[in-house]
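Trainee: File input-v6.cif below, mmCIF, C-alpha atoms:
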```cif
data_model
#
loop_
_atom_site.label_atom_id
_atom_site.label_comp_id
_atom_site.auth_asym_id
_atom_site.auth_seq_id
_atom_site.Cartn_x
_atom_site.Cartn_y
_atom_site.Cartn_z
CA MET A 284 21.02 1.81 -48.68
CA LEU A 285 18.81 4.37 -50.45
CA ALA A 286 21.05 4.28 -53.57
CA CYS A 287 20.97 0.52 -53.50
CA PHE A 288 17.18 0.74 -53.25
CA LYS A 289 17.03 2.83 -56.45
CA ASP A 290 19.46 0.76 -58.52
CA HIS A 291 18.97 -2.75 -57.25
CA ARG A 292 15.45 -2.88 -55.93
CA GLY A 293 15.20 -6.66 -55.86
CA LEU A 294 18.51 -7.12 -54.05
CA CYS A 295 17.67 -4.46 -51.48
CA ARG A 296 14.24 -5.99 -50.93
CA ALA A 297 15.89 -9.33 -50.23
CA THR A 298 18.41 -7.65 -47.92
CA ALA A 299 15.63 -5.89 -46.03
CA ILE A 300 13.69 -9.12 -45.66
CA GLY A 301 16.82 -10.75 -44.33
CA TYR A 302 17.27 -7.99 -41.76
CA LEU A 303 13.64 -8.36 -40.72
CA PHE A 304 14.02 -12.10 -40.19
CA LEU A 305 17.17 -11.51 -38.17
CA LEU A 306 15.28 -8.98 -36.06
CA LEU A 307 12.40 -11.38 -35.51
CA PHE A 308 14.82 -14.17 -34.66
CA SER A 309 16.63 -12.01 -32.11
CA PHE A 310 13.35 -11.11 -30.43
CA PHE A 311 12.27 -14.73 -30.24
CA ILE A 312 15.66 -15.71 -28.82
CA SER A 313 15.33 -12.89 -26.26
CA ILE A 314 11.86 -14.04 -25.29
CA SER A 315 12.86 -17.68 -25.07
CA THR A 316 15.92 -17.02 -22.90
CA SER A 317 14.32 -14.45 -20.57
CA CYS A 318 12.08 -15.31 -17.64
CA SER A 319 8.35 -15.74 -18.20
CA ASN A 320 5.32 -17.72 -17.07
CA GLY A 321 5.60 -16.63 -13.45
CA ASN A 322 9.35 -17.16 -13.17
CA CYS A 323 10.42 -13.49 -13.16
CA GLN A 324 11.62 -12.03 -9.87
CA VAL A 325 11.80 -8.49 -8.48
CA LEU A 326 13.43 -6.09 -11.00
CA ASP A 327 13.45 -8.69 -13.79
CA SER A 328 12.14 -7.34 -17.10
CA CYS A 329 8.60 -8.40 -17.90
CA SER A 330 6.06 -8.10 -20.68
CA HIS A 331 2.87 -9.48 -19.15
CA ALA A 332 1.28 -9.81 -15.74
CA THR A 333 1.82 -13.57 -15.89
CA ASP A 334 5.61 -13.18 -16.31
CA CYS A 335 6.10 -12.18 -12.67
CA GLY A 336 6.12 -14.54 -9.73
CA PRO A 337 3.65 -14.67 -6.83
CA GLY A 338 3.09 -11.36 -5.10
CA LEU A 339 4.54 -9.36 -8.00
CA TYR A 340 3.11 -7.30 -10.83
CA CYS A 341 4.57 -5.88 -14.03
CA GLY A 342 5.05 -2.11 -13.75
CA ASN A 343 7.54 0.70 -14.26
CA CYS A 344 8.68 3.98 -12.72
CA PRO A 345 9.28 6.67 -15.39
CA PHE A 346 9.85 9.31 -12.69
CA LEU A 347 13.08 7.49 -11.82
CA GLY A 348 13.99 6.91 -15.46
CA LYS A 349 12.75 3.31 -15.35
CA SER A 350 10.38 3.28 -18.31
CA GLN A 351 10.81 -0.35 -19.30
CA PRO A 352 8.48 -2.67 -17.35
CA PHE A 353 9.90 -4.80 -14.55
CA CYS A 354 8.51 -7.03 -11.82
CA THR A 355 7.54 -5.08 -8.70
CA ARG A 356 6.54 -6.26 -5.25
CA GLY A 357 2.89 -5.98 -4.30
CA VAL A 358 2.47 -8.14 -1.18
CA ALA A 359 3.77 -7.61 2.35
CA THR A 360 5.48 -10.11 4.62
CA ILE A 361 3.29 -10.58 7.69
CA PRO A 362 5.82 -10.22 10.54
CA THR A 363 3.94 -12.46 12.96
CA SER A 364 4.32 -15.34 10.49
CA VAL A 365 8.10 -15.14 11.04
CA ILE A 366 8.45 -14.03 14.67
CA GLY A 367 5.20 -14.45 16.60
CA GLY A 368 3.99 -14.03 20.15
CA LEU A 369 5.39 -10.56 20.91
CA PRO A 370 3.43 -7.53 22.16
CA PHE A 371 1.45 -5.82 19.41
CA ASN A 372 3.57 -2.66 19.68
CA LYS A 373 6.75 -4.58 18.78
CA TYR A 374 5.71 -4.90 15.12
CA SER A 375 5.48 -2.54 12.14
CA TRP A 376 2.39 -2.65 9.94
CA LEU A 377 1.40 -1.23 6.55
CA VAL A 378 -1.40 1.37 6.55
CA THR A 379 -3.19 2.81 3.53
CA HIS A 380 -4.01 6.51 3.70
CA ASN A 381 -7.64 7.15 2.68
CA SER A 382 -8.05 3.44 2.00
CA PHE A 383 -11.51 4.00 0.50
CA SER A 384 -10.49 6.75 -1.94
CA ILE A 385 -9.93 4.37 -4.83
CA VAL A 386 -9.20 5.26 -8.45
CA ASP A 387 -12.16 4.40 -10.70
CA GLU A 388 -14.51 3.86 -7.74
CA PRO A 389 -18.00 4.59 -9.16
CA SER A 390 -19.50 7.93 -8.14
CA LEU A 391 -23.13 8.62 -7.30
CA PRO A 392 -25.48 8.35 -10.30
CA GLY A 393 -25.41 11.53 -12.36
CA VAL A 394 -22.65 13.11 -10.26
CA GLN A 395 -19.06 13.84 -11.29
CA ARG A 396 -16.81 13.23 -8.30
CA LEU A 397 -14.37 16.07 -7.57
CA THR A 398 -11.72 14.94 -5.12
CA PHE A 399 -8.28 13.35 -4.82
CA TYR A 400 -7.63 9.63 -4.99
CA ASN A 401 -5.13 7.78 -2.83
CA GLN A 402 -5.33 4.03 -3.60
CA GLU A 403 -5.80 1.76 -6.60
CA ASP A 404 -7.42 -1.45 -5.38
CA THR A 405 -10.29 -2.52 -3.15
CA VAL A 406 -10.05 -2.63 0.61
CA THR A 407 -10.46 -6.41 0.42
CA ASN A 408 -7.47 -6.64 -1.86
CA GLN A 409 -5.45 -4.25 0.30
CA LEU A 410 -5.99 -6.60 3.25
CA ARG A 411 -5.07 -9.64 1.16
CA ASN A 412 -1.85 -7.91 0.14
CA GLY A 413 -0.80 -7.43 3.76
CA VAL A 414 -2.22 -4.01 4.62
CA ARG A 415 -3.17 -4.09 8.30
CA GLY A 416 -4.26 -0.51 8.93
CA LEU A 417 -7.01 1.47 7.22
CA MET A 418 -7.49 5.24 7.39
CA LEU A 419 -11.17 6.03 6.85
CA ASP A 420 -12.88 9.45 6.73
CA MET A 421 -16.45 9.09 8.04
CA TYR A 422 -19.24 11.66 7.72
CA ASP A 423 -22.97 12.00 8.28
CA PHE A 424 -24.45 12.02 4.78
CA ASP A 425 -27.77 11.18 3.16
CA GLY A 426 -29.25 9.81 6.38
CA ASP A 427 -26.37 7.40 6.92
CA ILE A 428 -22.62 7.32 7.66
CA TRP A 429 -20.54 7.57 4.51
CA LEU A 430 -16.91 7.49 3.50
CA CYS A 431 -16.06 10.83 1.93
CA HIS A 432 -12.90 12.60 0.85
CA SER A 433 -14.16 16.08 1.55
CA PHE A 434 -13.48 19.38 3.33
CA ARG A 435 -14.86 21.69 6.02
CA GLY A 436 -16.26 18.72 7.91
CA GLN A 437 -19.08 18.19 5.43
CA CYS A 438 -19.70 15.46 2.86
CA PHE A 439 -21.08 16.44 -0.55
CA ASN A 440 -22.46 14.27 -3.31
CA PHE A 441 -19.36 15.07 -5.39
CA THR A 442 -16.97 13.98 -2.59
CA ALA A 443 -18.90 10.89 -1.44
CA PHE A 444 -17.70 7.35 -2.09
CA GLN A 445 -20.01 4.85 -0.42
CA PRO A 446 -21.77 4.01 2.86
CA ALA A 447 -19.14 3.12 5.42
CA ILE A 448 -20.85 -0.15 6.27
CA ASN A 449 -19.88 -1.55 2.87
CA THR A 450 -16.17 -1.20 3.61
CA LEU A 451 -16.58 -2.38 7.20
CA ARG A 452 -18.27 -5.53 5.93
CA GLU A 453 -15.18 -6.16 3.80
CA VAL A 454 -13.12 -5.93 7.00
CA GLU A 455 -15.50 -8.30 8.80
CA ALA A 456 -15.27 -10.83 5.98
CA PHE A 457 -11.46 -10.70 6.10
CA LEU A 458 -11.29 -11.13 9.87
CA SER A 459 -13.78 -14.00 9.70
CA GLN A 460 -11.77 -15.77 7.00
CA ASN A 461 -8.39 -15.09 8.67
CA PRO A 462 -8.74 -15.83 12.39
CA ALA A 463 -5.11 -15.02 13.23
CA GLU A 464 -5.02 -11.54 11.69
CA ILE A 465 -5.35 -8.17 13.47
CA VAL A 466 -6.61 -5.01 11.73
CA THR A 467 -6.45 -1.38 12.86
CA ILE A 468 -8.93 1.28 11.71
CA ILE A 469 -8.10 4.97 12.19
CA ILE A 470 -11.13 7.23 11.71
CA GLU A 471 -11.05 10.87 10.70
CA ASP A 472 -14.35 11.42 12.42
CA TYR A 473 -17.05 13.86 11.28
CA VAL A 474 -19.97 11.76 12.55
CA HIS A 475 -22.30 13.69 14.86
CA THR A 476 -25.14 11.19 15.05
CA PRO A 477 -25.39 10.02 18.69
CA LYS A 478 -23.83 6.55 19.04
CA GLY A 479 -23.53 6.57 15.25
CA LEU A 480 -20.19 4.74 15.11
CA THR A 481 -21.25 2.20 17.73
CA LYS A 482 -24.32 1.27 15.71
CA LEU A 483 -22.30 1.24 12.48
CA PHE A 484 -19.68 -1.24 13.72
CA THR A 485 -22.34 -3.40 15.38
CA ASN A 486 -24.40 -3.56 12.19
CA ALA A 487 -21.27 -4.51 10.25
CA GLY A 488 -20.69 -7.44 12.62
CA LEU A 489 -17.40 -6.04 13.92
CA ASP A 490 -18.32 -5.61 17.58
CA LYS A 491 -17.28 -9.21 18.31
CA TYR A 492 -13.67 -8.39 17.33
CA TRP A 493 -13.47 -5.12 19.26
CA PHE A 494 -10.37 -4.46 21.37
CA PRO A 495 -11.69 -2.78 24.56
CA VAL A 496 -10.36 0.64 25.46
CA SER A 497 -10.08 -0.52 29.06
CA LYS A 498 -7.38 -3.00 28.06
CA MET A 499 -5.26 -0.50 26.14
CA PRO A 500 -2.00 0.65 27.82
CA LYS A 501 -2.34 4.01 29.57
CA LYS A 502 1.26 5.10 30.15
CA GLY A 503 3.29 3.75 27.28
CA GLU A 504 3.48 0.16 28.49
CA ASP A 505 3.57 -2.79 26.14
CA TRP A 506 0.34 -3.94 24.54
CA PRO A 507 -0.89 -7.51 24.98
CA THR A 508 0.87 -10.03 22.79
CA VAL A 509 -0.57 -10.78 19.37
CA ASN A 510 -1.28 -14.32 20.60
CA GLU A 511 -3.29 -12.98 23.54
CA MET A 512 -5.23 -10.65 21.24
CA VAL A 513 -6.05 -13.50 18.87
CA GLN A 514 -7.05 -15.87 21.69
CA ALA A 515 -9.40 -13.23 23.12
CA ASN A 516 -10.65 -12.39 19.61
CA HIS A 517 -9.70 -8.76 20.24
CA ARG A 518 -8.50 -8.44 16.66
CA LEU A 519 -9.89 -5.03 15.69
CA LEU A 520 -8.36 -1.81 16.99
CA VAL A 521 -10.45 1.30 16.30
CA PHE A 522 -9.33 4.87 16.91
CA THR A 523 -11.27 8.12 16.45
CA SER A 524 -10.16 11.74 16.08
CA VAL A 525 -12.90 12.86 18.48
CA ALA A 526 -11.74 12.74 22.12
CA SER A 527 -15.21 12.65 23.69
CA LYS A 528 -16.12 9.38 21.99
CA GLU A 529 -13.69 7.42 24.16
CA THR A 530 -16.04 8.06 27.09
CA GLU A 531 -19.31 8.22 25.14
CA GLU A 532 -18.87 5.19 22.87
CA GLY A 533 -15.81 3.35 24.08
CA ILE A 534 -13.84 4.23 20.95
CA ALA A 535 -10.20 5.03 21.65
CA TYR A 536 -9.11 8.62 21.13
CA GLN A 537 -6.31 8.38 18.59
CA TRP A 538 -3.82 10.84 20.09
CA LYS A 539 -4.20 9.46 23.59
CA HIS A 540 -2.81 6.14 22.42
CA ILE A 541 -0.79 6.91 19.28
CA LEU A 542 2.10 9.28 18.59
CA GLU A 543 2.02 10.69 15.06
CA ASN A 544 4.18 12.80 12.78
CA GLU A 545 2.76 15.53 10.56
CA ALA A 546 0.79 14.39 7.51
CA GLY A 547 1.07 15.84 4.00
CA ASP A 548 4.05 17.81 2.69
CA PRO A 549 5.60 18.48 6.14
CA GLY A 550 5.77 14.71 6.66
CA VAL A 551 7.83 14.11 3.52
CA LYS A 552 10.32 16.96 4.00
CA PRO A 553 13.80 15.37 4.10
CA GLY A 554 15.54 15.46 7.46
CA SER A 555 12.48 16.51 9.44
CA CYS A 556 9.86 14.52 11.36
CA PRO A 557 7.66 17.01 13.26
CA ASN A 558 4.76 15.75 15.34
CA ARG A 559 1.21 16.39 14.23
CA LYS A 560 -0.26 19.26 16.23
CA GLU A 561 -2.89 17.01 17.86
CA SER A 562 -0.23 14.51 18.88
CA ARG A 563 2.25 14.60 21.71
CA PRO A 564 5.90 14.84 20.58
CA VAL A 565 6.96 11.73 18.73
CA ASN A 566 9.67 11.08 21.33
CA SER A 567 7.13 11.01 24.17
CA LYS A 568 7.16 7.87 26.29
CA SER A 569 3.48 8.22 27.20
CA ALA A 570 2.28 6.05 24.31
CA SER A 571 3.74 2.89 22.83
CA LEU A 572 2.34 3.15 19.30
CA PHE A 573 3.86 5.43 16.65
CA LEU A 574 2.14 6.25 13.35
CA MET A 575 4.44 7.53 10.62
CA ASN A 576 2.68 9.37 7.79
CA TYR A 577 4.53 9.45 4.48
CA PHE A 578 2.46 10.96 1.70
CA PRO A 579 2.34 14.41 0.04
CA THR A 580 -0.54 16.81 0.48
CA TYR A 581 -1.61 16.34 -3.14
CA PRO A 582 -1.40 12.69 -4.23
CA VAL A 583 -0.04 12.01 -7.73
CA GLU A 584 -0.38 8.39 -8.78
CA ASP A 585 2.57 8.24 -11.18
CA GLU A 586 4.97 9.91 -8.73
CA ALA A 587 4.33 7.43 -5.91
CA CYS A 588 6.96 5.02 -7.22
CA LYS A 589 9.59 7.73 -6.73
CA GLU A 590 8.30 8.60 -3.26
CA HIS A 591 8.52 4.95 -2.24
CA SER A 592 12.17 4.58 -3.23
CA ALA A 593 15.19 5.96 -1.35
CA PRO A 594 13.36 9.01 0.16
CA LEU A 595 11.01 6.75 2.13
CA ALA A 596 13.85 4.73 3.63
CA ASP A 597 15.65 7.96 4.56
CA MET A 598 12.52 9.35 6.23
CA ILE A 599 12.04 6.17 8.25
CA GLY A 600 15.54 6.70 9.61
CA THR A 601 14.78 10.35 10.34
CA CYS A 602 11.56 9.55 12.21
CA TYR A 603 13.24 6.69 14.09
CA LYS A 604 15.78 9.14 15.49
CA ALA A 605 13.17 11.85 16.14
CA ALA A 606 11.11 9.34 18.13
CA GLY A 607 14.03 8.51 20.40
CA ASN A 608 15.03 5.37 18.50
CA MET A 609 11.47 4.10 18.32
CA MET A 610 10.58 2.34 15.09
CA PRO A 611 7.17 3.31 13.64
CA ASN A 612 4.42 0.78 14.29
CA PHE A 613 2.29 2.03 11.42
CA LEU A 614 3.56 3.25 8.05
CA ALA A 615 0.83 5.14 6.17
CA VAL A 616 1.20 5.77 2.42
CA ASN A 617 -0.70 6.53 -0.77
CA PHE A 618 -0.70 4.09 -3.73
CA TYR A 619 1.07 1.50 -1.62
CA MET A 620 1.92 -0.86 -4.52
CA ARG A 621 3.82 1.75 -6.53
CA SER A 622 7.60 1.57 -6.23
CA ASP A 623 10.93 1.13 -8.00
CA GLY A 624 10.97 -2.56 -7.11
CA GLY A 625 10.58 -3.33 -3.41
CA GLY A 626 9.05 -0.10 -2.14
CA VAL A 627 7.12 0.01 1.12
CA PHE A 628 7.25 -3.78 1.37
CA TYR A 629 11.04 -3.86 1.39
CA ASP A 630 11.17 -1.04 3.94
CA LEU A 631 8.68 -2.82 6.21
CA ASP A 632 10.80 -5.98 5.98
CA SER A 633 13.80 -3.91 7.09
CA MET A 634 11.88 -2.25 9.93
CA ASN A 635 10.57 -5.54 11.28
CA GLY A 636 13.90 -7.27 10.79
CA GLN A 637 15.75 -4.66 12.84
CA ARG A 638 13.23 -4.50 15.62
CA LEU A 639 12.33 -8.19 15.91
CA CYS A 640 15.66 -9.93 15.51
CA GLY A 641 18.39 -7.36 14.83
CA CYS A 642 18.69 -8.33 11.16
CA SER A 643 18.63 -6.16 8.06
CA THR A 644 15.41 -7.83 6.85
CA ILE A 645 12.77 -9.97 8.51
CA THR A 646 13.51 -12.79 6.06
CA ALA A 647 16.86 -13.21 7.86
CA CYS A 648 15.17 -13.68 11.24
CA GLN A 649 15.16 -17.10 12.91
CA ALA A 650 12.37 -17.89 15.33
CA GLY A 651 13.75 -18.85 18.73
CA ALA A 652 17.32 -17.73 17.92
CA PRO A 653 19.18 -15.09 19.99
CA PHE A 654 18.72 -11.47 18.93
CA GLY A 655 21.19 -10.68 16.17
CA SER A 656 21.39 -14.26 14.88
CA CYS A 657 20.61 -13.79 11.21
CA ARG A 658 20.38 -16.23 8.36
CA ASN A 659 22.96 -15.63 5.67
CA ILE A 660 20.74 -14.43 2.85
CA SER A 661 21.13 -11.86 0.12
CA ILE A 662 19.23 -8.59 0.40
CA PRO A 663 16.06 -9.02 -1.69
CA THR A 664 16.77 -6.87 -4.70
CA THR A 665 16.33 -9.45 -7.44
CA SER A 666 14.07 -11.95 -5.73
CA PRO A 667 10.71 -11.43 -4.03
CA VAL A 668 9.92 -11.90 -0.38
CA THR A 669 6.74 -13.93 -0.18
CA ASN A 670 4.60 -14.80 2.78
CA ALA A 671 4.43 -18.57 2.45
CA ALA A 672 3.82 -18.96 6.17
CA GLY A 673 0.93 -16.50 6.40
CA SER A 674 -2.70 -17.41 7.00
CA PHE A 675 -3.93 -16.02 3.71
CA SER A 676 -2.78 -15.82 0.11
CA GLY A 677 -2.14 -12.34 -1.21
CA SER A 678 -2.90 -11.09 -4.68
CA VAL A 679 -1.92 -8.07 -6.71
CA GLN A 680 -4.75 -6.19 -8.34
CA PHE A 681 -5.32 -2.66 -9.55
CA SER A 682 -8.89 -1.45 -9.86
CA ARG A 683 -8.37 0.28 -13.18
CA SER A 684 -7.53 -1.18 -16.56
CA ALA A 685 -4.50 -3.42 -16.66
CA SER A 686 -3.10 -1.26 -19.44
CA THR A 687 -1.90 1.22 -16.82
CA VAL A 688 0.22 -1.44 -15.17
CA TYR A 689 1.06 -4.11 -17.70
CA TYR A 690 2.79 -3.48 -20.96
CA PRO A 691 2.75 -4.73 -24.56
CA ASN A 692 4.74 -7.70 -25.75
CA ARG A 693 8.34 -6.80 -26.51
CA LEU A 694 8.00 -8.15 -30.03
CA VAL A 695 5.34 -5.59 -30.91
CA VAL A 696 7.24 -2.77 -29.24
CA GLY A 697 10.40 -3.73 -31.09
CA LEU A 698 8.76 -3.87 -34.50
CA LEU A 699 7.13 -0.49 -34.04
CA SER A 700 10.50 1.00 -33.23
CA PHE A 701 11.79 0.03 -36.67
CA PRO A 702 9.27 1.54 -39.14
CA TRP A 703 11.93 1.83 -41.86
CA MET A 704 11.92 -1.97 -42.17
CA LEU A 705 8.32 -1.87 -43.28
CA PHE A 706 9.10 0.89 -45.76
CA LEU A 707 11.70 -1.30 -47.46
CA LEU A 708 9.27 -4.16 -48.10
#
```
Represent the supplied structure as structure tokens.
Mentor:
Amino acid sequence: MLACFKDHRGLCRATAIGYLFLLLFSFFISISTSCSNGNCQVLDSCSHATDCGPGLYCGNCPFLGKSQPFCTRGVATIPTSVIGGLPFNKYSWLVTHNSFSIVDEPSLPGVQRLTFYNQEDTVTNQLRNGVRGLMLDMYDFDGDIWLCHSFRGQCFNFTAFQPAINTLREVEAFLSQNPAEIVTIIIEDYVHTPKGLTKLFTNAGLDKYWFPVSKMPKKGEDWPTVNEMVQANHRLLVFTSVASKETEEGIAYQWKHILENEAGDPGVKPGSCPNRKESRPVNSKSASLFLMNYFPTYPVEDEACKEHSAPLADMIGTCYKAAGNMMPNFLAVNFYMRSDGGGVFYDLDSMNGQRLCGCSTITACQAGAPFGSCRNISIPTTSPVTNAAGSFSGSVQFSRSASTVYYPNRLVVGLLSFPWMLFLL
């Protein structure tokens, strides 16, 4: 081609132009025949946010060698919308670890925040996407109670996020707008102000949803049914890490009511599911709720998609066996929307399907049918599972610039990969 360029410049120029038009034509054909405009399903290639269907976003997972963008699930199936009326402890729910520690959350004026981040969208959006458990670290700070991601039991201006009441008001707004939903808050508690948490939840308007400690099971019995909890408006479960507050403020002591595996790196070690030191053994029958932590000690945003692939499913199986064949009720993760396609949402569908109806996924369950009677459906690997029957509409949203999630048009990418075409013109 180079010799032709020297001796027959005009012919080569025409040939190059012809190649360019063929390239453009092939891209347009590719675009026209591929899915777009909200028609793309899970794992389908995508170019824009709008290519993917409801409850999906356009992302990738380079840590698994999946650099090209594809549609990824971002909304959970609410299990009670498929099989309702069972005791609360018969379901599995999605929990966000350090729900408030959000990428790009503004810091205090004039202060550079120095801490780790664990999530990418607002608490309101987390709830809309099907998250039903929030882990919140609360501290006395600046004359108020703040959410901080700190250390040594003290909040600093460079580890502070915002007053806790702001996030709790988001929870109140969600519960008010969605009268059939139940939310659990798990507090890592560093608040020493007398009755501080009681006043905080009352001022946020959440006291009217409070599930009383007196009605919580004491010896591993079943919880009330979700229908009973909704009818009584006991739709907010709150747990604290401070034992004395169960008596002092009527806030349930977490490890009296919940079994929990170790958090951080020990909780993601393959083949092992040790209990957290504050918790009773995970196979204890003295509590009927089981919290499974699955996040590394040091959160890395881009690696979360790898963590939420096969290793997560394997660890769920490991913890299920360690807990004496008890499925986790709460699955706590970082960067919950990151995955290689289905991620935590697919695993939750599997957990709820197995425990509620004996099916491989909750989308195969049939309300009122005998246990093990499953609809004949394909496993959702190329189509999304949406929550059409839920009481709210989910949405996928990252707090930071869309450029970290969505990707350029394939036409532009393709042209840039052929710079020699431009040289020939």
Trainee: Please identify all polymer residues within 6 Å of region 575-592 of chain A, counting all atoms listed in the file, omitting same-chain residues fewer than 2 positions from it, and present them as a count of residues only.
Mentor: 20
Trainee: Which is closest to Gly338 (chain A) among A:Val627, A:Ile599, A:Leu483, A:Ala359, if we use all atoms listed in the file?
Mentor: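 Going through A:Val627, A:Ile599, A:Leu483, A:Ala359 one by one, the smallest distance to Gly338 (chain A) is for A:Ala359.
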Trainee: Which residues are close to Asn322 (chain A), i.e. within 6 Å by only C-alpha atoms, leaving aside same-chain residues fewer than 4 positions away? Reply as JSON, numbers by chain.
Mentor: {"A": [318, 335, 336]}
Trainee: Would you write out, as number ranges by chain, every residue that the PyMOL selection byres ((chain A and resi 652) around 12) captures in this file?
Mentor: A: 365-366, 639-642, 647-651, 653-658
Trainee: Distance CA of Phe371 (chain A)-CA of Thr405 (chain A), one decimal place?
Mentor: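 Separating CA of Phe371 (chain A) from CA of Thr405 (chain A) is a distance of 25.6 Å.
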Trainee: Would you mind telling me which residue in A:Pro446, A:Gly533, A:Pro462, A:Gly357 lies nearest to His517 (chain A) when using all atoms listed in the file?
Mentor: A:Pro462
Trainee: Between CA of Ile470 (chain A) and CA of Glu455 (chain A), what is the distance in Å, rounded to a tenth?
Mentor: 16.4 Å
Trainee: Would you work out the distance separating CA of Met421 (chain A) from CA of Ile468 (chain A), expressed in Å to one decimal?
Mentor: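 Calculated distance between CA of Met421 (chain A) and CA of Ile468 (chain A) is 11.4 Å.
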Trainee: Find the nearest atom pair between each residue of region 377-430 of chain A and region 436-443 of chain A for residues within 6 Å, count all atoms listed in the file, give distances in Å to one decimal, sort rows by chain and ascending number, and present the table as a tab-separated table.
Mentor:
```
residue	atom	partner	partner_atom	distance
A:Arg396	CA	A:Phe441	CA	4.3
A:Leu397	CA	A:Phe441	CA	5.5
A:Thr398	CA	A:Thr442	CA	5.9
```
Trainee: Rank A:Ser524, A:Met609, A:Ser562, A:Gln445 by their smallest atom-to-atom distance to Pro392 (chain A), using all atoms listed in the file, and report the top residue only.
Mentor: A:Gln445
Trainee: Which is closer to Asn372 (chain A) than all the others in A:Thr508, A:Ser555, A:Ser497, A:Ser567, using all atoms listed in the file?
Mentor: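 Once distances to Asn372 (chain A) are computed over all atoms listed in the file, the minimum belongs to A:Thr508.
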Trainee: Centre and edge lengths of an axis-aligned box around all listed atoms of region 639-645 of chain A, with 8 Å added on each side, are to be given in Å to one decimal, as AutoDock Vina command-line options.
Mentor:
```
--center_x 15.5 --center_y -8.1 --center_z 11.4 --size_x 22.4 --size_y 19.8 --size_z 25.1
```
Trainee: Within 9 Å of Trp506 (chain A), counting only C-alpha atoms, which residues show up once you throw out same-chain ones fewer than 3 positions away? Write them as an mmCIF file with C-alpha atoms, keeping the file's coordinate frame, please.
Mentor:
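After the write, selection00.cif holds the following:
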```
data_model
loop_
_atom_site.group_PDB
_atom_site.id
_atom_site.type_symbol
_atom_site.label_atom_id
_atom_site.label_comp_id
_atom_site.auth_asym_id
_atom_site.auth_seq_id
_atom_site.Cartn_x
_atom_site.Cartn_y
_atom_site.Cartn_z
ATOM 1 C CA PRO A 370 3.430 -7.530 22.160
ATOM 2 C CA PHE A 371 1.450 -5.820 19.410
ATOM 3 C CA ASN A 372 3.570 -2.660 19.680
ATOM 4 C CA LYS A 373 6.750 -4.580 18.780
ATOM 5 C CA LYS A 498 -7.380 -3.000 28.060
ATOM 6 C CA MET A 499 -5.260 -0.500 26.140
ATOM 7 C CA PRO A 500 -2.000 0.650 27.820
ATOM 8 C CA GLY A 503 3.290 3.750 27.280
ATOM 9 C CA VAL A 509 -0.570 -10.780 19.370
ATOM 10 C CA SER A 571 3.740 2.890 22.830
#
```
Trainee: What would the selection look like, as a PyMOL selection string, if the PyMOL selection byres ((chain A and resi 417) around 8) were run on the coordinates I just shared?
Mentor: chain A and resi 378-382+414-416+418-419+466-469
Trainee: Using the chain letters and numbers from this file, what does the PyMOL selection byres ((chain A and resi 512) around 10) select? Give the answer as a VMD selection string.
Mentor: chain A and resid 368 370 to 371 463 to 465 492 494 506 to 511 513 to 519
Trainee: Using only C-alpha atoms, which residues sit within 10 Å of Tyr374 (chain A) once same-chain residues fewer than 6 positions away are excluded, as a compact mmCIF listing (two decimals) with C-alpha atoms, in the frame of the given file?
Mentor:
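Final output, saved to around12.txt:
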```txt
# COMPACT_ATOMS: atom_id res chain seq x y z
CA ILE A 361 3.29 -10.58 7.69
CA PRO A 362 5.82 -10.22 10.54
CA THR A 363 3.94 -12.46 12.96
CA ILE A 366 8.45 -14.03 14.67
CA GLY A 367 5.20 -14.45 16.60
CA VAL A 509 -0.57 -10.78 19.37
CA LEU A 572 2.34 3.15 19.30
CA MET A 610 10.58 2.34 15.09
CA PRO A 611 7.17 3.31 13.64
CA ASN A 612 4.42 0.78 14.29
CA PHE A 613 2.29 2.03 11.42
CA LEU A 631 8.68 -2.82 6.21
CA MET A 634 11.88 -2.25 9.93
CA ASN A 635 10.57 -5.54 11.28
CA GLY A 636 13.90 -7.27 10.79
CA ARG A 638 13.23 -4.50 15.62
CA LEU A 639 12.33 -8.19 15.91
```
Trainee: Output as a PDB file, in the coordinates of the input: region 550-554 of chain A, completed with N, CA, C and O atoms.
Mentor:
```pdb
ATOM      1  N   GLY A 550       5.351  16.056   6.287  1.00  0.00           N
ATOM      2  CA  GLY A 550       5.770  14.710   6.660  1.00  0.00           C
ATOM      3  C   GLY A 550       6.702  14.052   5.666  1.00  0.00           C
ATOM      4  O   GLY A 550       7.229  12.968   5.944  1.00  0.00           O
ATOM      5  N   VAL A 551       6.909  14.679   4.506  1.00  0.00           N
ATOM      6  CA  VAL A 551       7.830  14.110   3.520  1.00  0.00           C
ATOM      7  C   VAL A 551       9.043  15.013   3.295  1.00  0.00           C
ATOM      8  O   VAL A 551       9.850  14.754   2.408  1.00  0.00           O
ATOM      9  N   LYS A 552       9.170  16.057   4.118  1.00  0.00           N
ATOM     10  CA  LYS A 552      10.320  16.960   4.000  1.00  0.00           C
ATOM     11  C   LYS A 552      11.564  16.262   4.510  1.00  0.00           C
ATOM     12  O   LYS A 552      11.614  15.831   5.666  1.00  0.00           O
ATOM     13  N   PRO A 553      12.592  16.102   3.680  1.00  0.00           N
ATOM     14  CA  PRO A 553      13.800  15.370   4.100  1.00  0.00           C
ATOM     15  C   PRO A 553      14.425  15.942   5.362  1.00  0.00           C
ATOM     16  O   PRO A 553      14.505  17.160   5.546  1.00  0.00           O
ATOM     17  N   GLY A 554      14.825  15.053   6.261  1.00  0.00           N
ATOM     18  CA  GLY A 554      15.540  15.460   7.460  1.00  0.00           C
ATOM     19  C   GLY A 554      14.692  15.980   8.581  1.00  0.00           C
ATOM     20  O   GLY A 554      15.213  16.412   9.611  1.00  0.00           O
TER      21      GLY A 554
END
```
